[in-house]
>>> print(open('start_36.txt').read())   # compact mmCIF, C-alpha atoms
# COMPACT_ATOMS: atom_id res chain seq x y z
CA MET A 287 -21.00 171.47 -69.41
CA GLY A 288 -19.29 174.53 -68.02
CA GLY A 289 -20.52 177.37 -65.90
CA LYS A 290 -23.68 179.37 -66.37
CA PHE A 291 -23.26 182.77 -68.00
CA VAL A 292 -23.70 185.80 -65.80
CA PRO A 293 -26.75 187.64 -67.17
CA MET A 294 -26.02 190.78 -69.17
CA ALA A 295 -28.10 193.08 -71.32
CA THR A 296 -28.73 191.62 -74.76
CA SER A 297 -26.84 194.52 -76.34
CA ASP A 298 -23.66 193.69 -74.45
CA PRO A 299 -20.91 191.73 -76.21
CA PRO A 300 -20.38 188.12 -75.12
CA PHE A 301 -17.62 188.83 -72.59
CA GLY A 302 -18.51 192.38 -71.64
CA ARG A 303 -16.22 195.31 -72.42
CA LEU A 304 -13.27 194.87 -70.08
CA ALA A 305 -11.38 191.61 -69.59
CA THR A 306 -7.96 191.04 -68.11
CA ALA A 307 -5.59 188.20 -68.97
CA MET A 308 -4.76 187.33 -65.37
CA VAL A 309 -1.29 186.29 -64.25
CA THR A 310 -1.01 182.97 -62.44
CA PRO A 311 0.22 183.45 -58.86
CA PHE A 312 2.95 181.11 -57.59
CA ASP A 313 4.23 180.70 -54.06
CA VAL A 314 7.87 180.99 -53.01
CA ALA A 315 8.42 177.36 -53.99
CA GLY A 316 7.06 178.05 -57.48
CA GLU A 317 3.81 176.12 -56.95
CA LEU A 318 0.33 177.34 -57.87
CA ASP A 319 -0.96 179.68 -55.15
CA ARG A 320 -4.77 179.28 -55.13
CA VAL A 321 -5.28 181.73 -52.28
CA ALA A 322 -3.42 184.48 -54.11
CA ALA A 323 -5.31 183.61 -57.32
CA VAL A 324 -8.63 184.07 -55.55
CA GLU A 325 -7.49 187.39 -54.08
CA LEU A 326 -6.23 188.61 -57.45
CA ALA A 327 -9.38 187.61 -59.34
CA THR A 328 -11.52 189.31 -56.69
CA TYR A 329 -9.43 192.48 -56.99
CA LEU A 330 -9.74 192.46 -60.79
CA VAL A 331 -13.52 192.17 -60.66
CA ASP A 332 -14.43 194.19 -57.58
CA GLU A 333 -11.77 196.92 -57.69
CA GLN A 334 -10.73 197.12 -61.35
CA GLY A 335 -14.20 196.58 -62.80
CA ASN A 336 -13.54 193.62 -65.05
CA ASP A 337 -16.51 191.97 -66.74
CA THR A 338 -14.38 188.91 -67.53
CA VAL A 339 -11.26 187.32 -66.11
CA VAL A 340 -9.18 185.26 -68.53
CA VAL A 341 -7.03 182.56 -66.92
CA ASN A 342 -4.44 180.23 -68.41
CA GLY A 343 -3.51 182.59 -71.23
CA THR A 344 -0.11 183.86 -72.30
CA THR A 345 0.03 186.28 -69.38
CA GLY A 346 -0.98 183.36 -67.16
CA GLU A 347 2.19 181.48 -68.20
CA SER A 348 0.09 178.66 -69.66
CA PRO A 349 3.04 177.05 -71.48
CA THR A 350 4.58 176.22 -68.09
CA THR A 351 1.53 175.15 -66.07
CA SER A 352 0.30 171.57 -65.96
CA ASP A 353 -3.16 170.45 -67.01
CA ALA A 354 -4.01 169.80 -63.36
CA GLU A 355 -2.89 173.31 -62.38
CA LYS A 356 -4.95 174.80 -65.19
CA SER A 357 -8.08 172.99 -63.99
CA ALA A 358 -7.47 173.95 -60.37
CA LEU A 359 -7.03 177.60 -61.33
CA VAL A 360 -10.28 177.68 -63.30
CA ARG A 361 -12.19 176.14 -60.38
CA ALA A 362 -10.70 178.55 -57.86
CA VAL A 363 -11.45 181.65 -59.94
CA VAL A 364 -14.97 180.52 -60.86
CA ASP A 365 -15.72 179.88 -57.20
CA ALA A 366 -14.38 183.32 -56.28
CA VAL A 367 -15.95 185.57 -58.93
CA GLY A 368 -18.09 183.43 -61.21
CA ASP A 369 -21.30 184.81 -59.70
CA ARG A 370 -20.51 188.34 -60.90
CA ALA A 371 -18.09 188.00 -63.82
CA ARG A 372 -17.34 185.62 -66.63
CA VAL A 373 -14.32 183.35 -66.39
CA VAL A 374 -12.71 182.43 -69.70
CA ALA A 375 -10.12 179.67 -69.82
CA GLY A 376 -7.24 179.63 -72.25
CA VAL A 377 -7.06 176.15 -73.75
CA GLY A 378 -5.11 176.63 -76.98
CA THR A 379 -2.07 174.51 -77.80
CA PHE A 380 -0.34 173.40 -80.98
CA ASP A 381 -2.05 170.00 -80.70
CA THR A 382 -5.74 169.71 -81.57
CA VAL A 383 -6.28 166.61 -79.43
CA HIS A 384 -4.69 168.23 -76.38
CA THR A 385 -6.64 171.45 -76.96
CA VAL A 386 -9.90 169.48 -77.02
CA HIS A 387 -8.89 167.80 -73.77
CA LEU A 388 -8.20 171.16 -72.13
CA ALA A 389 -11.50 172.54 -73.45
CA GLU A 390 -13.45 169.65 -71.94
CA GLN A 391 -11.49 169.99 -68.70
CA ALA A 392 -12.22 173.74 -68.49
CA ALA A 393 -15.91 173.14 -69.10
CA LYS A 394 -16.04 170.61 -66.26
CA ALA A 395 -14.20 173.09 -64.02
CA GLY A 396 -16.95 175.65 -64.59
CA ALA A 397 -15.49 178.04 -67.18
CA HIS A 398 -17.95 180.34 -68.95
CA GLY A 399 -15.97 180.50 -72.18
CA LEU A 400 -12.77 179.43 -73.92
CA LEU A 401 -9.86 181.35 -75.41
CA VAL A 402 -8.29 179.35 -78.25
CA VAL A 403 -5.03 180.60 -79.73
CA THR A 404 -3.84 179.73 -83.23
CA PRO A 405 -1.72 176.55 -83.13
CA TYR A 406 1.88 177.70 -82.93
CA TYR A 407 5.29 176.42 -84.05
CA SER A 408 3.96 173.94 -86.64
CA ARG A 409 2.41 176.82 -88.64
CA PRO A 410 -0.54 174.93 -90.14
CA PRO A 411 -2.20 176.09 -93.37
CA GLN A 412 -5.56 177.85 -93.21
CA ALA A 413 -7.39 174.57 -93.87
CA GLY A 414 -5.71 173.20 -90.75
CA LEU A 415 -6.81 176.25 -88.75
CA LEU A 416 -10.41 175.78 -89.88
CA ARG A 417 -10.37 172.14 -88.82
CA HIS A 418 -8.63 172.88 -85.52
CA PHE A 419 -10.97 175.65 -84.39
CA ARG A 420 -14.12 173.85 -85.50
CA THR A 421 -13.04 170.66 -83.73
CA VAL A 422 -12.48 172.54 -80.49
CA ALA A 423 -15.76 174.44 -80.87
CA ASP A 424 -17.60 171.15 -81.31
CA ALA A 425 -16.08 169.67 -78.16
CA THR A 426 -18.11 171.66 -75.58
CA ASP A 427 -21.12 173.96 -75.44
CA LEU A 428 -19.01 176.95 -74.38
CA PRO A 429 -18.59 180.10 -76.49
CA ILE A 430 -15.16 180.57 -77.99
CA LEU A 431 -12.91 183.58 -78.39
CA LEU A 432 -10.33 183.01 -81.10
CA TYR A 433 -6.89 184.44 -80.34
CA ASP A 434 -5.19 185.85 -83.43
CA ILE A 435 -1.61 186.80 -82.54
CA PRO A 436 0.72 185.94 -85.44
CA GLY A 437 3.70 187.60 -83.76
CA ARG A 438 3.70 184.72 -81.27
CA THR A 439 2.18 181.88 -83.27
CA GLY A 440 3.84 182.49 -86.63
CA THR A 441 0.51 182.15 -88.46
CA PRO A 442 -2.22 184.78 -88.87
CA ILE A 443 -5.85 183.71 -89.10
CA ALA A 444 -6.68 184.90 -92.62
CA THR A 445 -9.64 187.20 -93.15
CA GLU A 446 -11.46 184.59 -95.21
CA THR A 447 -10.82 181.98 -92.52
CA LEU A 448 -12.28 184.22 -89.82
CA ILE A 449 -15.35 184.85 -91.96
CA GLU A 450 -15.83 181.10 -92.41
CA LEU A 451 -15.33 180.40 -88.71
CA ALA A 452 -17.93 183.03 -87.81
CA ALA A 453 -20.60 180.67 -89.14
CA HIS A 454 -20.00 178.31 -86.22
CA PRO A 455 -22.58 179.05 -83.51
CA ARG A 456 -20.08 178.81 -80.65
CA ILE A 457 -17.30 180.90 -82.19
CA VAL A 458 -18.43 184.31 -80.99
CA GLY A 459 -15.41 186.59 -80.95
CA VAL A 460 -11.75 187.33 -81.59
CA LYS A 461 -8.97 188.54 -79.34
CA ASP A 462 -7.28 190.56 -82.03
CA ALA A 463 -3.53 191.09 -81.69
CA LYS A 464 -2.78 190.99 -85.40
CA GLY A 465 -2.33 194.72 -85.77
CA ASP A 466 -4.15 194.89 -89.13
CA LEU A 467 -7.07 197.27 -88.65
CA ALA A 468 -8.12 197.06 -92.30
CA ALA A 469 -8.48 193.28 -92.08
CA SER A 470 -10.28 193.52 -88.75
CA THR A 471 -12.66 196.13 -90.17
CA ARG A 472 -13.68 193.79 -92.97
CA VAL A 473 -14.35 190.86 -90.63
CA ILE A 474 -16.33 193.08 -88.27
CA ALA A 475 -18.39 194.38 -91.21
CA GLU A 476 -19.11 190.93 -92.66
CA THR A 477 -19.68 188.87 -89.50
CA ASP A 478 -21.17 189.04 -86.02
CA LEU A 479 -17.84 188.28 -84.35
CA ALA A 480 -17.09 190.47 -81.33
CA PHE A 481 -13.59 191.92 -81.68
CA TYR A 482 -11.58 192.52 -78.50
CA SER A 483 -8.24 194.25 -78.68
CA GLY A 484 -5.41 191.92 -77.70
CA ASP A 485 -2.98 194.84 -77.45
CA ASP A 486 -3.86 197.47 -74.84
CA SER A 487 -2.67 200.38 -77.02
CA THR A 488 -4.95 199.49 -79.95
CA THR A 489 -8.16 199.37 -77.93
CA LEU A 490 -9.41 202.80 -78.99
CA PRO A 491 -8.50 202.39 -82.69
CA LEU A 492 -10.28 199.02 -82.72
CA LEU A 493 -13.36 200.54 -81.08
CA ALA A 494 -13.39 203.10 -83.88
CA VAL A 495 -13.85 200.38 -86.52
CA GLY A 496 -16.43 198.38 -84.58
CA GLY A 497 -14.50 196.55 -81.86
CA VAL A 498 -16.22 195.96 -78.54
CA GLY A 499 -13.53 196.05 -75.84
CA VAL A 500 -10.19 194.71 -74.67
CA VAL A 501 -8.56 191.64 -73.19
CA GLY A 502 -5.81 193.55 -71.47
CA THR A 503 -2.50 193.09 -69.71
CA SER A 504 -1.86 196.50 -68.15
CA THR A 505 -5.52 196.38 -67.06
CA HIS A 506 -4.27 194.67 -63.91
CA PHE A 507 -3.61 198.32 -62.98
CA SER A 508 -5.48 200.40 -65.56
CA GLY A 509 -8.78 198.51 -65.60
CA ARG A 510 -11.04 201.21 -64.16
CA ALA A 511 -9.47 203.91 -66.32
CA THR A 512 -9.60 201.74 -69.43
CA LYS A 513 -13.26 200.95 -68.86
CA ALA A 514 -13.96 204.67 -68.48
CA MET A 515 -12.21 205.26 -71.82
CA ILE A 516 -14.35 202.61 -73.51
CA GLU A 517 -17.53 203.97 -71.98
CA ALA A 518 -16.65 207.53 -73.07
CA PHE A 519 -16.25 206.34 -76.65
CA LEU A 520 -19.50 204.35 -76.56
CA ARG A 521 -21.50 207.34 -75.36
CA GLY A 522 -20.07 209.44 -78.19
CA ASP A 523 -17.55 211.50 -76.21
CA VAL A 524 -14.65 210.77 -78.53
CA ALA A 525 -12.54 213.65 -77.23
CA GLU A 526 -12.74 212.28 -73.69
CA ALA A 527 -11.87 208.79 -74.93
CA GLN A 528 -8.87 210.22 -76.77
CA ARG A 529 -7.75 212.12 -73.68
CA ARG A 530 -7.98 209.03 -71.51
CA ASN A 531 -6.21 206.88 -74.09
CA ALA A 532 -3.33 209.35 -74.33
CA ALA A 533 -3.03 209.49 -70.55
CA LEU A 534 -2.86 205.70 -70.29
CA LEU A 535 -0.48 205.17 -73.21
CA PRO A 536 2.67 205.08 -71.01
CA ILE A 537 1.45 201.92 -69.23
CA TYR A 538 -0.30 200.45 -72.30
CA THR A 539 3.09 200.35 -74.02
CA GLY A 540 5.39 200.23 -71.00
CA ILE A 541 3.96 196.94 -69.75
CA PHE A 542 5.58 195.34 -72.81
CA ARG A 543 9.10 196.71 -72.29
CA THR A 544 9.79 193.06 -71.62
CA GLN A 545 7.39 190.09 -71.56
CA GLY A 546 4.11 191.42 -70.17
CA CYS A 547 3.68 188.80 -67.46
CA ILE A 548 7.06 189.70 -65.97
CA LEU A 549 6.11 193.34 -65.54
CA VAL A 550 2.57 192.66 -64.35
CA LYS A 551 3.93 190.53 -61.53
CA ALA A 552 6.51 193.20 -60.73
CA GLY A 553 3.83 195.90 -60.81
CA LEU A 554 1.50 193.99 -58.53
CA ALA A 555 4.35 193.62 -56.05
CA LEU A 556 5.00 197.38 -56.26
CA ARG A 557 1.35 197.99 -55.43
CA GLY A 558 1.37 195.66 -52.42
CA ARG A 559 -0.21 192.66 -54.15
CA PRO A 560 2.67 190.20 -54.59
CA VAL A 561 1.83 187.13 -56.68
CA GLY A 562 5.19 185.38 -56.61
CA PRO A 563 7.84 184.76 -59.24
CA VAL A 564 7.57 183.81 -62.89
CA ARG A 565 8.51 180.33 -64.05
CA PRO A 566 11.47 179.54 -66.32
CA PRO A 567 12.17 180.24 -69.10
CA LEU A 568 10.85 183.65 -67.99
CA VAL A 569 12.93 185.58 -65.47
CA ASP A 570 11.80 188.10 -62.88
CA ALA A 571 12.06 191.81 -63.64
CA THR A 572 15.41 193.49 -63.07
CA ASP A 573 15.82 196.56 -60.89
CA HIS A 574 16.20 198.64 -64.06
CA GLU A 575 12.96 197.27 -65.52
CA ILE A 576 11.12 197.87 -62.24
CA SER A 577 12.37 201.46 -62.20
CA HIS A 578 11.02 202.01 -65.71
CA LEU A 579 7.74 200.38 -64.72
CA ARG A 580 7.38 202.69 -61.74
CA GLU A 581 7.91 205.65 -64.10
CA ASP A 582 5.32 204.29 -66.55
CA LEU A 583 2.73 203.79 -63.82
CA THR A 584 3.37 207.28 -62.49
CA ALA A 585 3.13 208.83 -65.97
CA ALA A 586 -0.25 207.09 -66.44
CA GLY A 587 -1.51 208.39 -63.11
CA LEU A 588 -1.54 204.93 -61.58
>>> encode(input="start_36.txt", output="structure tokens")
Amino acid sequence: MGGKFVPMATSDPPFGRLATAMVTPFDVAGELDRVAAVELATYLVDEQGNDTVVVNGTTGESPTTSDAEKSALVRAVVDAVGDRARVVAGVGTFDTVHTVHLAEQAAKAGAHGLLVVTPYYSRPPQAGLLRHFRTVADATDLPILLYDIPGRTGTPIATETLIELAAHPRIVGVKDAKGDLAASTRVIAETDLAFYSGDDSTTLPLLAVGGVGVVGTSTHFSGRATKAMIEAFLRGDVAEAQRRNAALLPIYTGIFRTQGCILVKAGLALRGRPVGPVRPPLVDATDHEISHLREDLTAAGL
């Protein structure tokens, strides 16, 4: 079930150091654009240096894509870059049965791993989260990255819950967008879970407490520079990592002046890589937002 992992050194974390939550390209009619998806994934791996491409996540507008589109996107990206990067498929929903279906579908489409967000809207108790994540992890043989983002889901994954989930052999990491470094530090200290920053601007602080990398949004543009920052920190050049982090901060934060997907698509168009519009209920960037984005990219040297 699923694709074969790209070999990496045993000391490397499960999804490398740099991953980007890829936007989903649409054509002028608003339909999935596989050709543009292949071109974008290739650019992210070959030009921006990504170890992993994450598809069908929040930045990929997963709430508005069909199951068939999700499967087609995984297949297209795996075919394009799966020989030299990992492809992780977002499969999380607020319905355990549907999430299991998407997990099985992604495995058949060749995904190398799964991103599973906390069930949203219904705000289940921690016992429900344990059951949900374990059920999904049991459904395939793929490694799982939990996505802890209470600002979107309404429910944090509690520290004790994360520690319990770490005992599952296929739950290998966390995309951490909780913004609680003390809690993350404890889980990192007490488990083998690989912590990836889910907020571009907290990548360096998370590395400082034992995190391993980032699943980024602005890394559509800042990937190479972000990877250089991570590598500087890992080789012990903290001052260089701090310098690079400060230089990139304008785009790390600016990409979220409005919903990140909106500005990534606008930024790709600015850089000559148009990937089409966003789908409702999102709306395309305004001229004012694009002007700010141009300033943020320029300030970050991009």
>>> atom_distance(input="start_36.txt", atom1="CA of Phe380 in chain A", atom2="CA of Asp365 in chain A")
29.1 Å
>>> atom_distance(input="start_36.txt", atom1="CA of Ala323 in chain A", atom2="CA of Pro311 in chain A")
5.7 Å
>>> residues_around(input="start_36.txt", residues="Leu359 in chain A", least_positions_apart="2", cutoff="12 Å", atoms="only C-alpha atoms", output="PDB file with C-alpha atoms, keeping the file's coordinate frame")
ATOM      1  CA  MET A 308      -4.760 187.330 -65.370  1.00  0.00           C
ATOM      2  CA  VAL A 309      -1.290 186.290 -64.250  1.00  0.00           C
ATOM      3  CA  THR A 310      -1.010 182.970 -62.440  1.00  0.00           C
ATOM      4  CA  PRO A 311       0.220 183.450 -58.860  1.00  0.00           C
ATOM      5  CA  PHE A 312       2.950 181.110 -57.590  1.00  0.00           C
ATOM      6  CA  GLU A 317       3.810 176.120 -56.950  1.00  0.00           C
ATOM      7  CA  LEU A 318       0.330 177.340 -57.870  1.00  0.00           C
ATOM      8  CA  ASP A 319      -0.960 179.680 -55.150  1.00  0.00           C
ATOM      9  CA  ARG A 320      -4.770 179.280 -55.130  1.00  0.00           C
ATOM     10  CA  VAL A 321      -5.280 181.730 -52.280  1.00  0.00           C
ATOM     11  CA  ALA A 322      -3.420 184.480 -54.110  1.00  0.00           C
ATOM     12  CA  ALA A 323      -5.310 183.610 -57.320  1.00  0.00           C
ATOM     13  CA  VAL A 324      -8.630 184.070 -55.550  1.00  0.00           C
ATOM     14  CA  LEU A 326      -6.230 188.610 -57.450  1.00  0.00           C
ATOM     15  CA  ALA A 327      -9.380 187.610 -59.340  1.00  0.00           C
ATOM     16  CA  VAL A 339     -11.260 187.320 -66.110  1.00  0.00           C
ATOM     17  CA  VAL A 340      -9.180 185.260 -68.530  1.00  0.00           C
ATOM     18  CA  VAL A 341      -7.030 182.560 -66.920  1.00  0.00           C
ATOM     19  CA  ASN A 342      -4.440 180.230 -68.410  1.00  0.00           C
ATOM     20  CA  GLY A 343      -3.510 182.590 -71.230  1.00  0.00           C
ATOM     21  CA  GLY A 346      -0.980 183.360 -67.160  1.00  0.00           C
ATOM     22  CA  SER A 348       0.090 178.660 -69.660  1.00  0.00           C
ATOM     23  CA  THR A 351       1.530 175.150 -66.070  1.00  0.00           C
ATOM     24  CA  SER A 352       0.300 171.570 -65.960  1.00  0.00           C
ATOM     25  CA  ASP A 353      -3.160 170.450 -67.010  1.00  0.00           C
ATOM     26  CA  ALA A 354      -4.010 169.800 -63.360  1.00  0.00           C
ATOM     27  CA  GLU A 355      -2.890 173.310 -62.380  1.00  0.00           C
ATOM     28  CA  LYS A 356      -4.950 174.800 -65.190  1.00  0.00           C
ATOM     29  CA  SER A 357      -8.080 172.990 -63.990  1.00  0.00           C
ATOM     30  CA  ARG A 361     -12.190 176.140 -60.380  1.00  0.00           C
ATOM     31  CA  ALA A 362     -10.700 178.550 -57.860  1.00  0.00           C
ATOM     32  CA  VAL A 363     -11.450 181.650 -59.940  1.00  0.00           C
ATOM     33  CA  VAL A 364     -14.970 180.520 -60.860  1.00  0.00           C
ATOM     34  CA  ASP A 365     -15.720 179.880 -57.200  1.00  0.00           C
ATOM     35  CA  ALA A 366     -14.380 183.320 -56.280  1.00  0.00           C
ATOM     36  CA  VAL A 373     -14.320 183.350 -66.390  1.00  0.00           C
ATOM     37  CA  VAL A 374     -12.710 182.430 -69.700  1.00  0.00           C
ATOM     38  CA  ALA A 375     -10.120 179.670 -69.820  1.00  0.00           C
ATOM     39  CA  GLY A 376      -7.240 179.630 -72.250  1.00  0.00           C
ATOM     40  CA  GLN A 391     -11.490 169.990 -68.700  1.00  0.00           C
ATOM     41  CA  ALA A 392     -12.220 173.740 -68.490  1.00  0.00           C
ATOM     42  CA  ALA A 395     -14.200 173.090 -64.020  1.00  0.00           C
ATOM     43  CA  GLY A 396     -16.950 175.650 -64.590  1.00  0.00           C
ATOM     44  CA  ALA A 397     -15.490 178.040 -67.180  1.00  0.00           C
TER      45      ALA A 397
END
>>> residues_around(input="start_36.txt", residues="Ala469 in chain A", least_positions_apart="5", cutoff="9 Å", atoms="all atoms listed in the file", output="ChimeraX atom specification")
/A:444-445,474
>>> closest_residue(input="start_36.txt", among="A:Arg521, A:Thr447, A:Ala453, A:Gly437", to="Gly465 in chain A", atoms="only C-alpha atoms")
A:Gly437
>>> atom_distance(input="start_36.txt", atom1="CA of Val569 in chain A", atom2="CA of Leu432 in chain A")
28.1 Å
>>> residues_around(input="start_36.txt", residues="Asp582 in chain A", least_positions_apart="5", cutoff="10 Å", atoms="all atoms listed in the file", output="PyMOL selection string")
chain A and resi 534-541+576-577+587-588
>>> closest_residue(input="start_36.txt", among="A:Gln528, A:Val550, A:Ala389, A:Gly509", to="Glu333 in chain A", atoms="all atoms listed in the file")
A:Gly509
>>> axis_aligned_box(input="start_36.txt", around="range 394-403 of chain A", padding_each_side="8 Å", output="lines of an AutoDock Vina configuration file")
center_x = -11.5
center_y = 176.0
center_z = -71.9
size_x = 28.9
size_y = 26.7
size_z = 31.7
>>> closest_residue(input="start_36.txt", among="A:Asp523, A:Asp462, A:Asp478, A:Asp313", to="Gly502 in chain A", atoms="all atoms listed in the file")
A:Asp462
>>> closest_residue(input="start_36.txt", among="A:Leu549, A:Ala533, A:Ala525, A:Val367", to="Asp337 in chain A", atoms="all atoms listed in the file")
A:Val367
>>> residues_around(input="start_36.txt", residues="Glu476 in chain A", least_positions_apart="3", cutoff="12 Å", atoms="all atoms listed in the file", output="number ranges by chain")
A: 445-446, 448-453, 469-473, 479-480, 496
>>> closest_residue(input="start_36.txt", among="A:Ser504, A:Thr512, A:Gln334, A:Thr421", to="His384 in chain A", atoms="only C-alpha atoms")
A:Thr421
>>> closest_residue(input="start_36.txt", among="A:Gly484, A:Pro436, A:Pro411, A:Pro429", to="His454 in chain A", atoms="only C-alpha atoms")
A:Pro429
>>> residues_around(input="start_36.txt", residues="Thr379 in chain A", least_positions_apart="5", cutoff="12 Å", atoms="only C-alpha atoms", output="PyMOL selection string")
chain A and resi 342-344+348-350+353+384-389+401-409+418-419+422+433+439
